[in-house]
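Novice: If it helps, the file is called target-v8.pdb and holds PDB, C-alpha atoms:
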ATOM      1  CA  LEU A   1      46.026 -22.106  40.464  1.00  0.00           C
ATOM      2  CA  VAL A   2      43.917 -22.629  43.602  1.00  0.00           C
ATOM      3  CA  PHE A   3      41.296 -20.029  44.535  1.00  0.00           C
ATOM      4  CA  GLY A   4      37.943 -19.477  46.229  1.00  0.00           C
ATOM      5  CA  TYR A   5      36.572 -19.399  49.745  1.00  0.00           C
ATOM      6  CA  ILE A   6      33.105 -20.924  50.098  1.00  0.00           C
ATOM      7  CA  LYS A   7      34.194 -23.534  47.608  1.00  0.00           C
ATOM      8  CA  VAL A   8      37.843 -24.079  46.747  1.00  0.00           C
ATOM      9  CA  TYR A   9      38.685 -24.477  43.054  1.00  0.00           C
ATOM     10  CA  GLN A  10      41.736 -25.385  41.054  1.00  0.00           C
ATOM     11  CA  ILE A  11      42.644 -25.018  37.387  1.00  0.00           C
ATOM     12  CA  ASP A  12      45.754 -25.996  35.451  1.00  0.00           C
ATOM     13  CA  LEU A  13      46.973 -22.781  33.814  1.00  0.00           C
ATOM     14  CA  ASN A  14      49.355 -24.758  31.599  1.00  0.00           C
ATOM     15  CA  ASP A  15      46.498 -26.552  29.883  1.00  0.00           C
ATOM     16  CA  PRO A  16      44.393 -24.336  27.551  1.00  0.00           C
ATOM     17  CA  ALA A  17      41.606 -26.918  27.663  1.00  0.00           C
ATOM     18  CA  ALA A  18      41.588 -27.270  31.443  1.00  0.00           C
ATOM     19  CA  GLU A  19      38.326 -26.793  33.298  1.00  0.00           C
ATOM     20  CA  VAL A  20      37.788 -25.413  36.772  1.00  0.00           C
ATOM     21  CA  GLU A  21      37.480 -28.225  39.328  1.00  0.00           C
ATOM     22  CA  VAL A  22      36.019 -28.021  42.826  1.00  0.00           C
ATOM     23  CA  ILE A  23      38.535 -29.648  45.193  1.00  0.00           C
ATOM     24  CA  ALA A  24      37.176 -28.555  48.588  1.00  0.00           C
ATOM     25  CA  GLY A  25      34.634 -26.388  50.293  1.00  0.00           C
ATOM     26  CA  GLY A  26      31.201 -27.720  49.515  1.00  0.00           C
ATOM     27  CA  ALA A  27      29.358 -26.947  52.711  1.00  0.00           C
ATOM     28  CA  SER A  28      32.572 -26.612  54.734  1.00  0.00           C
ATOM     29  CA  LYS A  29      32.917 -23.538  56.833  1.00  0.00           C
ATOM     30  CA  HIS A  30      34.201 -22.378  60.161  1.00  0.00           C
ATOM     31  CA  THR A  31      31.235 -21.759  62.408  1.00  0.00           C
ATOM     32  CA  ASN A  32      32.430 -18.446  63.816  1.00  0.00           C
ATOM     33  CA  ALA A  33      35.177 -16.586  62.003  1.00  0.00           C
ATOM     34  CA  SER A  34      35.879 -14.307  64.964  1.00  0.00           C
ATOM     35  CA  THR A  35      36.970 -17.268  67.098  1.00  0.00           C
ATOM     36  CA  TYR A  36      39.357 -18.741  64.544  1.00  0.00           C
ATOM     37  CA  LYS A  37      42.921 -18.688  65.859  1.00  0.00           C
ATOM     38  CA  ASP A  38      46.227 -19.619  64.294  1.00  0.00           C
ATOM     39  CA  GLY A  39      48.155 -22.263  66.168  1.00  0.00           C
ATOM     40  CA  GLU A  40      51.654 -23.205  67.121  1.00  0.00           C
ATOM     41  CA  ILE A  41      53.425 -26.464  67.843  1.00  0.00           C
ATOM     42  CA  GLY A  42      51.862 -27.996  70.934  1.00  0.00           C
ATOM     43  CA  LYS A  43      48.835 -25.684  70.696  1.00  0.00           C
ATOM     44  CA  PRO A  44      47.144 -26.207  67.333  1.00  0.00           C
ATOM     45  CA  LEU A  45      44.660 -23.783  65.913  1.00  0.00           C
ATOM     46  CA  THR A  46      41.029 -24.132  66.886  1.00  0.00           C
ATOM     47  CA  ALA A  47      39.229 -25.931  64.089  1.00  0.00           C
ATOM     48  CA  THR A  48      35.468 -25.945  64.562  1.00  0.00           C
ATOM     49  CA  PHE A  49      33.686 -27.024  61.396  1.00  0.00           C
ATOM     50  CA  ASN A  50      30.052 -27.379  60.506  1.00  0.00           C
ATOM     51  CA  THR A  51      31.300 -30.137  58.258  1.00  0.00           C
ATOM     52  CA  CYS A  52      34.503 -31.006  56.478  1.00  0.00           C
ATOM     53  CA  TYR A  53      33.349 -33.893  54.320  1.00  0.00           C
ATOM     54  CA  ASP A  54      34.383 -31.832  51.313  1.00  0.00           C
ATOM     55  CA  ALA A  55      37.731 -30.655  52.644  1.00  0.00           C
ATOM     56  CA  MET A  56      40.874 -31.451  50.669  1.00  0.00           C
ATOM     57  CA  CYS A  57      43.356 -33.568  52.635  1.00  0.00           C
ATOM     58  CA  LEU A  58      46.859 -32.911  51.346  1.00  0.00           C
ATOM     59  CA  ALA A  59      49.750 -35.366  51.292  1.00  0.00           C
ATOM     60  CA  ASP A  60      51.488 -33.692  54.259  1.00  0.00           C
ATOM     61  CA  GLY A  61      48.435 -34.132  56.486  1.00  0.00           C
ATOM     62  CA  SER A  62      47.218 -30.553  56.254  1.00  0.00           C
ATOM     63  CA  ILE A  63      43.611 -29.763  55.336  1.00  0.00           C
ATOM     64  CA  LEU A  64      42.459 -27.202  52.791  1.00  0.00           C
ATOM     65  CA  PHE A  65      38.909 -25.900  53.063  1.00  0.00           C
ATOM     66  CA  GLY A  66      36.695 -22.906  52.379  1.00  0.00           C
ATOM     67  CA  ASP A  67      35.733 -20.735  55.337  1.00  0.00           C
ATOM     68  CA  ALA A  68      32.400 -19.194  54.350  1.00  0.00           C
ATOM     69  CA  ALA A  69      32.095 -17.197  57.566  1.00  0.00           C
ATOM     70  CA  ALA A  70      35.415 -15.408  57.084  1.00  0.00           C
ATOM     71  CA  LYS A  71      35.213 -15.436  53.263  1.00  0.00           C
ATOM     72  CA  THR A  72      38.673 -16.861  52.856  1.00  0.00           C
ATOM     73  CA  MET A  73      40.448 -20.106  52.043  1.00  0.00           C
ATOM     74  CA  ARG A  74      41.946 -21.881  55.065  1.00  0.00           C
ATOM     75  CA  LEU A  75      44.851 -24.272  55.378  1.00  0.00           C
ATOM     76  CA  MET A  76      44.750 -26.199  58.656  1.00  0.00           C
ATOM     77  CA  ILE A  77      48.151 -27.597  59.595  1.00  0.00           C
ATOM     78  CA  PRO A  78      47.841 -30.067  62.489  1.00  0.00           C
ATOM     79  CA  ASP A  79      50.321 -30.013  65.344  1.00  0.00           C
ATOM     80  CA  VAL A  80      53.256 -32.149  64.208  1.00  0.00           C
ATOM     81  CA  TYR A  81      53.207 -33.969  67.559  1.00  0.00           C
ATOM     82  CA  GLY A  82      49.494 -34.720  67.364  1.00  0.00           C
ATOM     83  CA  ASN A  83      48.766 -32.945  70.658  1.00  0.00           C
ATOM     84  CA  PHE A  84      45.648 -30.866  71.287  1.00  0.00           C
ATOM     85  CA  GLU A  85      45.441 -28.472  74.248  1.00  0.00           C
ATOM     86  CA  ASN A  86      42.289 -26.388  74.861  1.00  0.00           C
ATOM     87  CA  ALA A  87      41.182 -27.280  71.339  1.00  0.00           C
ATOM     88  CA  THR A  88      37.708 -27.617  69.863  1.00  0.00           C
ATOM     89  CA  ILE A  89      37.494 -30.192  67.074  1.00  0.00           C
ATOM     90  CA  LYS A  90      34.024 -30.926  65.695  1.00  0.00           C
ATOM     91  CA  ASN A  91      32.447 -32.840  62.827  1.00  0.00           C
ATOM     92  CA  VAL A  92      35.599 -34.405  61.412  1.00  0.00           C
ATOM     93  CA  ARG A  93      35.560 -37.706  59.533  1.00  0.00           C
ATOM     94  CA  LEU A  94      38.751 -39.674  58.820  1.00  0.00           C
ATOM     95  CA  GLU A  95      38.328 -42.612  56.464  1.00  0.00           C
ATOM     96  CA  ASN A  96      40.606 -45.582  55.766  1.00  0.00           C
ATOM     97  CA  ALA A  97      43.527 -44.183  57.759  1.00  0.00           C
ATOM     98  CA  VAL A  98      46.575 -46.468  58.029  1.00  0.00           C
ATOM     99  CA  LEU A  99      49.088 -45.311  60.640  1.00  0.00           C
ATOM    100  CA  THR A 100      52.088 -46.974  62.276  1.00  0.00           C
ATOM    101  CA  GLY A 101      54.511 -45.598  64.838  1.00  0.00           C
ATOM    102  CA  ALA A 102      57.128 -46.437  67.449  1.00  0.00           C
ATOM    103  CA  SER A 103      55.243 -44.723  70.275  1.00  0.00           C
ATOM    104  CA  SER A 104      51.681 -43.426  70.707  1.00  0.00           C
ATOM    105  CA  ILE A 105      49.477 -43.768  67.633  1.00  0.00           C
ATOM    106  CA  ALA A 106      45.899 -42.790  66.719  1.00  0.00           C
ATOM    107  CA  THR A 107      43.931 -41.474  63.766  1.00  0.00           C
ATOM    108  CA  LEU A 108      42.986 -38.044  65.161  1.00  0.00           C
ATOM    109  CA  ALA A 109      45.168 -37.106  68.139  1.00  0.00           C
ATOM    110  CA  LEU A 110      47.985 -38.535  70.224  1.00  0.00           C
ATOM    111  CA  GLN A 111      47.223 -36.423  73.304  1.00  0.00           C
ATOM    112  CA  VAL A 112      44.170 -34.361  74.237  1.00  0.00           C
ATOM    113  CA  LYS A 113      44.329 -32.143  77.321  1.00  0.00           C
ATOM    114  CA  GLY A 114      43.173 -28.911  78.929  1.00  0.00           C
ATOM    115  CA  ASN A 115      39.567 -27.946  78.272  1.00  0.00           C
ATOM    116  CA  SER A 116      39.513 -29.585  74.862  1.00  0.00           C
ATOM    117  CA  VAL A 117      36.257 -30.782  73.314  1.00  0.00           C
ATOM    118  CA  ILE A 118      36.346 -33.452  70.619  1.00  0.00           C
ATOM    119  CA  GLU A 119      32.811 -33.810  69.284  1.00  0.00           C
ATOM    120  CA  ASN A 120      31.129 -35.736  66.481  1.00  0.00           C
ATOM    121  CA  CYS A 121      34.402 -37.058  65.073  1.00  0.00           C
ATOM    122  CA  HIS A 122      34.613 -40.440  63.386  1.00  0.00           C
ATOM    123  CA  ALA A 123      37.363 -42.624  61.975  1.00  0.00           C
ATOM    124  CA  THR A 124      37.923 -45.861  60.105  1.00  0.00           C
ATOM    125  CA  GLY A 125      41.197 -47.629  59.390  1.00  0.00           C
ATOM    126  CA  VAL A 126      44.166 -49.261  61.142  1.00  0.00           C
ATOM    127  CA  VAL A 127      46.620 -47.938  63.760  1.00  0.00           C
ATOM    128  CA  MET A 128      49.578 -49.986  64.928  1.00  0.00           C
ATOM    129  CA  ASN A 129      52.329 -49.659  67.520  1.00  0.00           C
ATOM    130  CA  ILE A 130      53.851 -52.898  68.739  1.00  0.00           C
ATOM    131  CA  ASP A 131      57.304 -51.610  69.674  1.00  0.00           C
ATOM    132  CA  PRO A 132      58.175 -53.392  72.949  1.00  0.00           C
ATOM    133  CA  ASP A 133      60.718 -50.757  73.994  1.00  0.00           C
ATOM    134  CA  TYR A 134      58.605 -47.591  73.691  1.00  0.00           C
ATOM    135  CA  GLY A 135      55.171 -49.103  73.959  1.00  0.00           C
ATOM    136  CA  GLY A 136      52.862 -46.096  73.665  1.00  0.00           C
ATOM    137  CA  PRO A 137      49.079 -46.519  73.492  1.00  0.00           C
ATOM    138  CA  ALA A 138      47.051 -47.000  70.315  1.00  0.00           C
ATOM    139  CA  GLY A 139      43.525 -45.670  69.970  1.00  0.00           C
ATOM    140  CA  GLY A 140      41.039 -45.810  67.148  1.00  0.00           C
ATOM    141  CA  LEU A 141      40.520 -42.063  67.514  1.00  0.00           C
ATOM    142  CA  ILE A 142      42.763 -40.797  70.343  1.00  0.00           C
ATOM    143  CA  ALA A 143      45.813 -42.368  71.947  1.00  0.00           C
ATOM    144  CA  HIS A 144      45.710 -40.572  75.325  1.00  0.00           C
ATOM    145  CA  LEU A 145      42.908 -38.423  76.761  1.00  0.00           C
ATOM    146  CA  ILE A 146      44.589 -36.577  79.632  1.00  0.00           C
ATOM    147  CA  SER A 147      41.703 -34.163  80.203  1.00  0.00           C
ATOM    148  CA  GLY A 148      38.797 -32.734  78.264  1.00  0.00           C
ATOM    149  CA  GLN A 149      35.684 -34.234  76.700  1.00  0.00           C
ATOM    150  CA  VAL A 150      35.105 -36.678  73.871  1.00  0.00           C
ATOM    151  CA  LEU A 151      31.444 -36.519  72.809  1.00  0.00           C
ATOM    152  CA  ASN A 152      29.398 -38.372  70.186  1.00  0.00           C
ATOM    153  CA  CYS A 153      32.447 -39.895  68.526  1.00  0.00           C
ATOM    154  CA  SER A 154      33.078 -43.294  66.997  1.00  0.00           C
ATOM    155  CA  ALA A 155      35.829 -45.406  65.516  1.00  0.00           C
ATOM    156  CA  ASP A 156      35.766 -48.518  63.370  1.00  0.00           C
ATOM    157  CA  VAL A 157      39.490 -49.035  63.584  1.00  0.00           C
ATOM    158  CA  ASP A 158      41.831 -51.979  64.187  1.00  0.00           C
ATOM    159  CA  ALA A 159      44.151 -50.795  67.003  1.00  0.00           C
ATOM    160  CA  TYR A 160      47.327 -52.687  67.866  1.00  0.00           C
ATOM    161  CA  ALA A 161      49.752 -51.771  70.660  1.00  0.00           C
ATOM    162  CA  SER A 162      52.154 -53.382  73.070  1.00  0.00           C
ATOM    163  CA  ARG A 163      50.438 -51.471  75.932  1.00  0.00           C
ATOM    164  CA  GLY A 164      47.192 -49.540  75.964  1.00  0.00           C
ATOM    165  CA  ALA A 165      45.093 -50.558  72.960  1.00  0.00           C
ATOM    166  CA  GLY A 166      41.527 -49.257  72.744  1.00  0.00           C
ATOM    167  CA  GLY A 167      38.985 -49.342  69.958  1.00  0.00           C
ATOM    168  CA  LEU A 168      38.319 -45.638  70.564  1.00  0.00           C
ATOM    169  CA  ILE A 169      40.962 -44.397  73.052  1.00  0.00           C
ATOM    170  CA  GLY A 170      44.098 -46.014  74.454  1.00  0.00           C
ATOM    171  CA  TYR A 171      44.277 -44.281  77.862  1.00  0.00           C
ATOM    172  CA  VAL A 172      41.824 -41.989  79.679  1.00  0.00           C
ATOM    173  CA  ASP A 173      43.062 -40.106  82.764  1.00  0.00           C
ATOM    174  CA  ALA A 174      40.972 -38.973  85.734  1.00  0.00           C
ATOM    175  CA  ASP A 175      39.999 -35.623  84.173  1.00  0.00           C
ATOM    176  CA  GLY A 176      38.831 -37.186  80.913  1.00  0.00           C
ATOM    177  CA  VAL A 177      35.160 -37.571  79.958  1.00  0.00           C
ATOM    178  CA  VAL A 178      33.919 -39.939  77.244  1.00  0.00           C
ATOM    179  CA  ARG A 179      30.212 -39.663  76.507  1.00  0.00           C
ATOM    180  CA  ASN A 180      27.879 -41.115  73.833  1.00  0.00           C
ATOM    181  CA  CYS A 181      30.720 -42.822  71.965  1.00  0.00           C
ATOM    182  CA  SER A 182      31.217 -46.184  70.297  1.00  0.00           C
ATOM    183  CA  ALA A 183      33.881 -48.410  68.791  1.00  0.00           C
ATOM    184  CA  ALA A 184      34.098 -51.350  66.435  1.00  0.00           C
ATOM    185  CA  GLY A 185      36.958 -53.236  64.817  1.00  0.00           C
ATOM    186  CA  ILE A 186      39.830 -54.954  66.631  1.00  0.00           C
ATOM    187  CA  ALA A 187      41.764 -54.030  69.784  1.00  0.00           C
ATOM    188  CA  HIS A 188      44.887 -56.101  70.428  1.00  0.00           C
ATOM    189  CA  CYS A 189      47.913 -55.720  72.684  1.00  0.00           C
ATOM    190  CA  THR A 190      50.997 -57.820  73.228  1.00  0.00           C
ATOM    191  CA  GLU A 191      51.470 -56.903  76.913  1.00  0.00           C
ATOM    192  CA  TYR A 192      48.736 -55.165  78.928  1.00  0.00           C
ATOM    193  CA  HIS A 193      45.743 -52.781  78.959  1.00  0.00           C
ATOM    194  CA  VAL A 194      43.427 -53.598  76.073  1.00  0.00           C
ATOM    195  CA  GLY A 195      39.708 -52.880  75.804  1.00  0.00           C
ATOM    196  CA  GLY A 196      37.043 -52.776  73.141  1.00  0.00           C
ATOM    197  CA  LEU A 197      36.377 -49.088  73.848  1.00  0.00           C
ATOM    198  CA  ILE A 198      39.293 -47.967  76.045  1.00  0.00           C
ATOM    199  CA  GLY A 199      42.505 -49.714  77.027  1.00  0.00           C
ATOM    200  CA  SER A 200      42.682 -48.223  80.522  1.00  0.00           C
ATOM    201  CA  SER A 201      40.527 -45.525  82.152  1.00  0.00           C
ATOM    202  CA  SER A 202      40.369 -43.586  85.406  1.00  0.00           C
ATOM    203  CA  GLY A 203      37.923 -41.042  83.975  1.00  0.00           C
ATOM    204  CA  LEU A 204      34.173 -40.855  83.355  1.00  0.00           C
ATOM    205  CA  ILE A 205      32.572 -43.064  80.701  1.00  0.00           C
ATOM    206  CA  GLU A 206      28.881 -42.551  80.031  1.00  0.00           C
ATOM    207  CA  ASN A 207      26.397 -44.044  77.539  1.00  0.00           C
ATOM    208  CA  CYS A 208      29.015 -45.756  75.375  1.00  0.00           C
ATOM    209  CA  HIS A 209      29.178 -49.122  73.657  1.00  0.00           C
ATOM    210  CA  THR A 210      31.505 -51.275  71.598  1.00  0.00           C
ATOM    211  CA  THR A 211      31.412 -54.283  69.325  1.00  0.00           C
ATOM    212  CA  SER A 212      35.201 -54.485  68.995  1.00  0.00           C
ATOM    213  CA  ARG A 213      36.942 -57.839  69.036  1.00  0.00           C
ATOM    214  CA  VAL A 214      39.487 -57.830  71.866  1.00  0.00           C
ATOM    215  CA  SER A 215      42.594 -59.985  72.246  1.00  0.00           C
ATOM    216  CA  ARG A 216      45.937 -60.044  73.991  1.00  0.00           C
ATOM    217  CA  SER A 217      49.093 -62.054  73.493  1.00  0.00           C
ATOM    218  CA  TYR A 218      50.377 -64.082  76.420  1.00  0.00           C
ATOM    219  CA  TYR A 219      52.263 -61.835  78.866  1.00  0.00           C
ATOM    220  CA  GLN A 220      53.418 -63.354  82.152  1.00  0.00           C
ATOM    221  CA  HIS A 221      53.232 -60.131  84.190  1.00  0.00           C
ATOM    222  CA  ALA A 222      49.591 -59.260  83.441  1.00  0.00           C
ATOM    223  CA  TYR A 223      46.513 -61.434  83.818  1.00  0.00           C
ATOM    224  CA  VAL A 224      43.342 -59.372  84.271  1.00  0.00           C
ATOM    225  CA  ASP A 225      43.640 -56.240  82.116  1.00  0.00           C
ATOM    226  CA  CYS A 226      41.935 -57.439  78.952  1.00  0.00           C
ATOM    227  CA  GLY A 227      38.290 -56.381  78.764  1.00  0.00           C
ATOM    228  CA  GLY A 228      35.551 -56.287  76.183  1.00  0.00           C
ATOM    229  CA  PHE A 229      34.672 -52.710  77.223  1.00  0.00           C
ATOM    230  CA  VAL A 230      37.610 -51.332  79.235  1.00  0.00           C
ATOM    231  CA  GLY A 231      40.799 -53.257  79.880  1.00  0.00           C
ATOM    232  CA  GLN A 232      41.450 -51.664  83.253  1.00  0.00           C
ATOM    233  CA  ASN A 233      38.864 -49.359  84.838  1.00  0.00           C
ATOM    234  CA  GLY A 234      39.624 -47.194  87.853  1.00  0.00           C
ATOM    235  CA  GLY A 235      37.058 -44.542  87.009  1.00  0.00           C
ATOM    236  CA  THR A 236      33.306 -44.282  86.610  1.00  0.00           C
TER     237      THR A 236
END
Could you write out this file's structure as structure tokens?

Specialist:
Amino acid sequence: LVFGYIKVYQIDLNDPAAEVEVIAGGASKHTNASTYKDGEIGKPLTATFNTCYDAMCLADGSILFGDAAAKTMRLMIPDVYGNFENATIKNVRLENAVLTGASSIATLALQVKGNSVIENCHATGVVMNIDPDYGGPAGGLIAHLISGQVLNCSADVDAYASRGAGGLIGYVDADGVVRNCSAAGIAHCTEYHVGGLIGSSSGLIENCHTTSRVSRSYYQHAYVDCGGFVGQNGGT
């Protein structure tokens, strides 16, 4: 049996000696219950947390937490495609993630677009995509920032891709903003576009730094797109 809302508890009803155990909740809560919206594929629900250090991450990738503002228990089910449009994701920490894929790969999101704000999110782990046929980007936190803002985020992630490997983000388009962010770990690609912070960017990068180790395998068609900060920079 699972119950509660500020804290989430569970107890085994089949065991007469079982004790109630706190599995999630702690200080977790949605900051404004009136703005909480259910999502759909391609447009996930808005998930704005004060903190989710004490959330329960389930085996299917969903997140169980107590919503103190709404006085209910919440189950956040991420978009199965990993895409966030007009989303607000705050104060999320992902630890020791290990993810592999045949296309785009990242710990938090594959694509971020619209007026999305990703703020104070942090990740550690490994992401890997080295499929030469599909070759999507790999980012320590986000694979592809199409538009929106990434603020005060960090990743200590080893990111491997055939194209577009970044310690924090694989690709940033012209309408993307990355501010006050950092990356550590390893960024490696087998073909092109690899950077310690971002693989390739045409957006705005401000007040960011990286200590990532950057490398690229020999690729005869690309010579100058491997950078300690940004592999290829056409932005600001």

Novice: Can you write out as a tab-separated table which residues of segment 145-180 of chain A fall within 9 Å of segment 103-124 of chain A, alongside each residue's closest atom pair and its distance in Å to one decimal, counting only C-alpha atoms and ordering rows by chain and ascending residue number?

Specialist:
residue	atom	partner	partner_atom	distance
A:Leu145	CA	A:Val112	CA	4.9
A:Ile146	CA	A:Lys113	CA	5.0
A:Ser147	CA	A:Lys113	CA	4.4
A:Gly148	CA	A:Ser116	CA	4.7
A:Gln149	CA	A:Val117	CA	4.9
A:Val150	CA	A:Ile118	CA	4.7
A:Leu151	CA	A:Glu119	CA	4.7
A:Asn152	CA	A:Asn120	CA	4.9
A:Cys153	CA	A:Asn120	CA	4.8
A:Ser154	CA	A:His122	CA	4.9
A:Ala155	CA	A:Ala123	CA	4.8
A:Asp156	CA	A:Thr124	CA	4.7
A:Val157	CA	A:Thr124	CA	5.0
A:Asp158	CA	A:Thr124	CA	8.3
A:Ala159	CA	A:Ala106	CA	8.2
A:Ala161	CA	A:Ile105	CA	8.6
A:Leu168	CA	A:Ala106	CA	9.0
A:Ile169	CA	A:Ala106	CA	8.2
A:Gly170	CA	A:Ala106	CA	8.6
A:Asp175	CA	A:Lys113	CA	8.8
A:Gly176	CA	A:Lys113	CA	8.3

Novice: Write a file of the selected residues as a short mmCIF file (atom, residue, chain, number, x, y, z; two decimals), keeping the file's coordinate frame, keeping C-alpha atoms.

Specialist:
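Here's the written file out39.cif:
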data_model
loop_
_atom_site.label_atom_id
_atom_site.label_comp_id
_atom_site.auth_asym_id
_atom_site.auth_seq_id
_atom_site.Cartn_x
_atom_site.Cartn_y
_atom_site.Cartn_z
CA LEU A 145 42.91 -38.42 76.76
CA ILE A 146 44.59 -36.58 79.63
CA SER A 147 41.70 -34.16 80.20
CA GLY A 148 38.80 -32.73 78.26
CA GLN A 149 35.68 -34.23 76.70
CA VAL A 150 35.10 -36.68 73.87
CA LEU A 151 31.44 -36.52 72.81
CA ASN A 152 29.40 -38.37 70.19
CA CYS A 153 32.45 -39.90 68.53
CA SER A 154 33.08 -43.29 67.00
CA ALA A 155 35.83 -45.41 65.52
CA ASP A 156 35.77 -48.52 63.37
CA VAL A 157 39.49 -49.04 63.58
CA ASP A 158 41.83 -51.98 64.19
CA ALA A 159 44.15 -50.80 67.00
CA ALA A 161 49.75 -51.77 70.66
CA LEU A 168 38.32 -45.64 70.56
CA ILE A 169 40.96 -44.40 73.05
CA GLY A 170 44.10 -46.01 74.45
CA ASP A 175 40.00 -35.62 84.17
CA GLY A 176 38.83 -37.19 80.91
#

Novice: List every protein, DNA or RNA residue that has an atom no more than 12 Å from (49.0, -48.9, 69.8) in the file's coordinate frame, counting only C-alpha atoms, and report them as JSON, numbers by chain.

Specialist: {"A": [99, 100, 101, 102, 103, 104, 105, 106, 107, 110, 126, 127, 128, 129, 130, 131, 132, 134, 135, 136, 137, 138, 139, 140, 141, 142, 143, 144, 157, 158, 159, 160, 161, 162, 163, 164, 165, 166, 167, 168, 169, 170, 171, 186, 187, 188, 189, 190, 191, 192, 193, 194, 195, 198, 199]}

Novice: Please compute the atom CA of Ala174 of chain A-atom CA of Arg213 of chain A distance, one decimal, in Å.

Specialist: 25.5 Å

Novice: Got a sec: who's within 7 Å of Thr236 of chain A, counting all atoms listed in the file, leaving out chain neighbours fewer than 2 positions off, as number ranges by chain?

Specialist: A: 203-205

Novice: Could you please determine the separation between atom CA of Val230 of chain A and atom CA of Val178 of chain A in Å, to one decimal place?

Specialist: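 Separation between atom CA of Val230 of chain A and atom CA of Val178 of chain A: 12.1 Å.
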
Novice: Determine the residue membership of the PyMOL selection byres ((chain A and resi 87) around 6) for the file above and supply it as a list in words.

Specialist: Thr46, Phe84, Glu85, Asn86, Thr88 and Ser116 of chain A

Novice: Those selected residues, please, written with C-alpha atoms and delivered as a PDB file, keeping the file's coordinate frame.

Specialist:
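Resulting contents of selection_31.pdb:
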ATOM      1  CA  THR A  46      41.029 -24.132  66.886  1.00  0.00           C
ATOM      2  CA  PHE A  84      45.648 -30.866  71.287  1.00  0.00           C
ATOM      3  CA  GLU A  85      45.441 -28.472  74.248  1.00  0.00           C
ATOM      4  CA  ASN A  86      42.289 -26.388  74.861  1.00  0.00           C
ATOM      5  CA  THR A  88      37.708 -27.617  69.863  1.00  0.00           C
ATOM      6  CA  SER A 116      39.513 -29.585  74.862  1.00  0.00           C
TER       7      SER A 116
END

Novice: Mind pulling up the distance from atom CA of Glu95 of chain A to atom CA of Asn207 of chain A?

Specialist: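 One can read the atom CA of Asn207 of chain A to atom CA of Glu95 of chain A distance as 24.3 Å.
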
Novice: Using the chain letters and residue numbers of this document, give as a list in words the residues selected by the PyMOL selection byres ((chain A and resi 20) around 6).

Specialist: Gln10, Ile11, Glu19 and Glu21 of chain A

Novice: Between A:Leu197, A:Leu94, A:Cys208, A:Ala18, which residue has the minimum interatomic distance to Phe229 of chain A, considering all atoms listed in the file?

Specialist: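 Nearest to Phe229 of chain A: A:Leu197.
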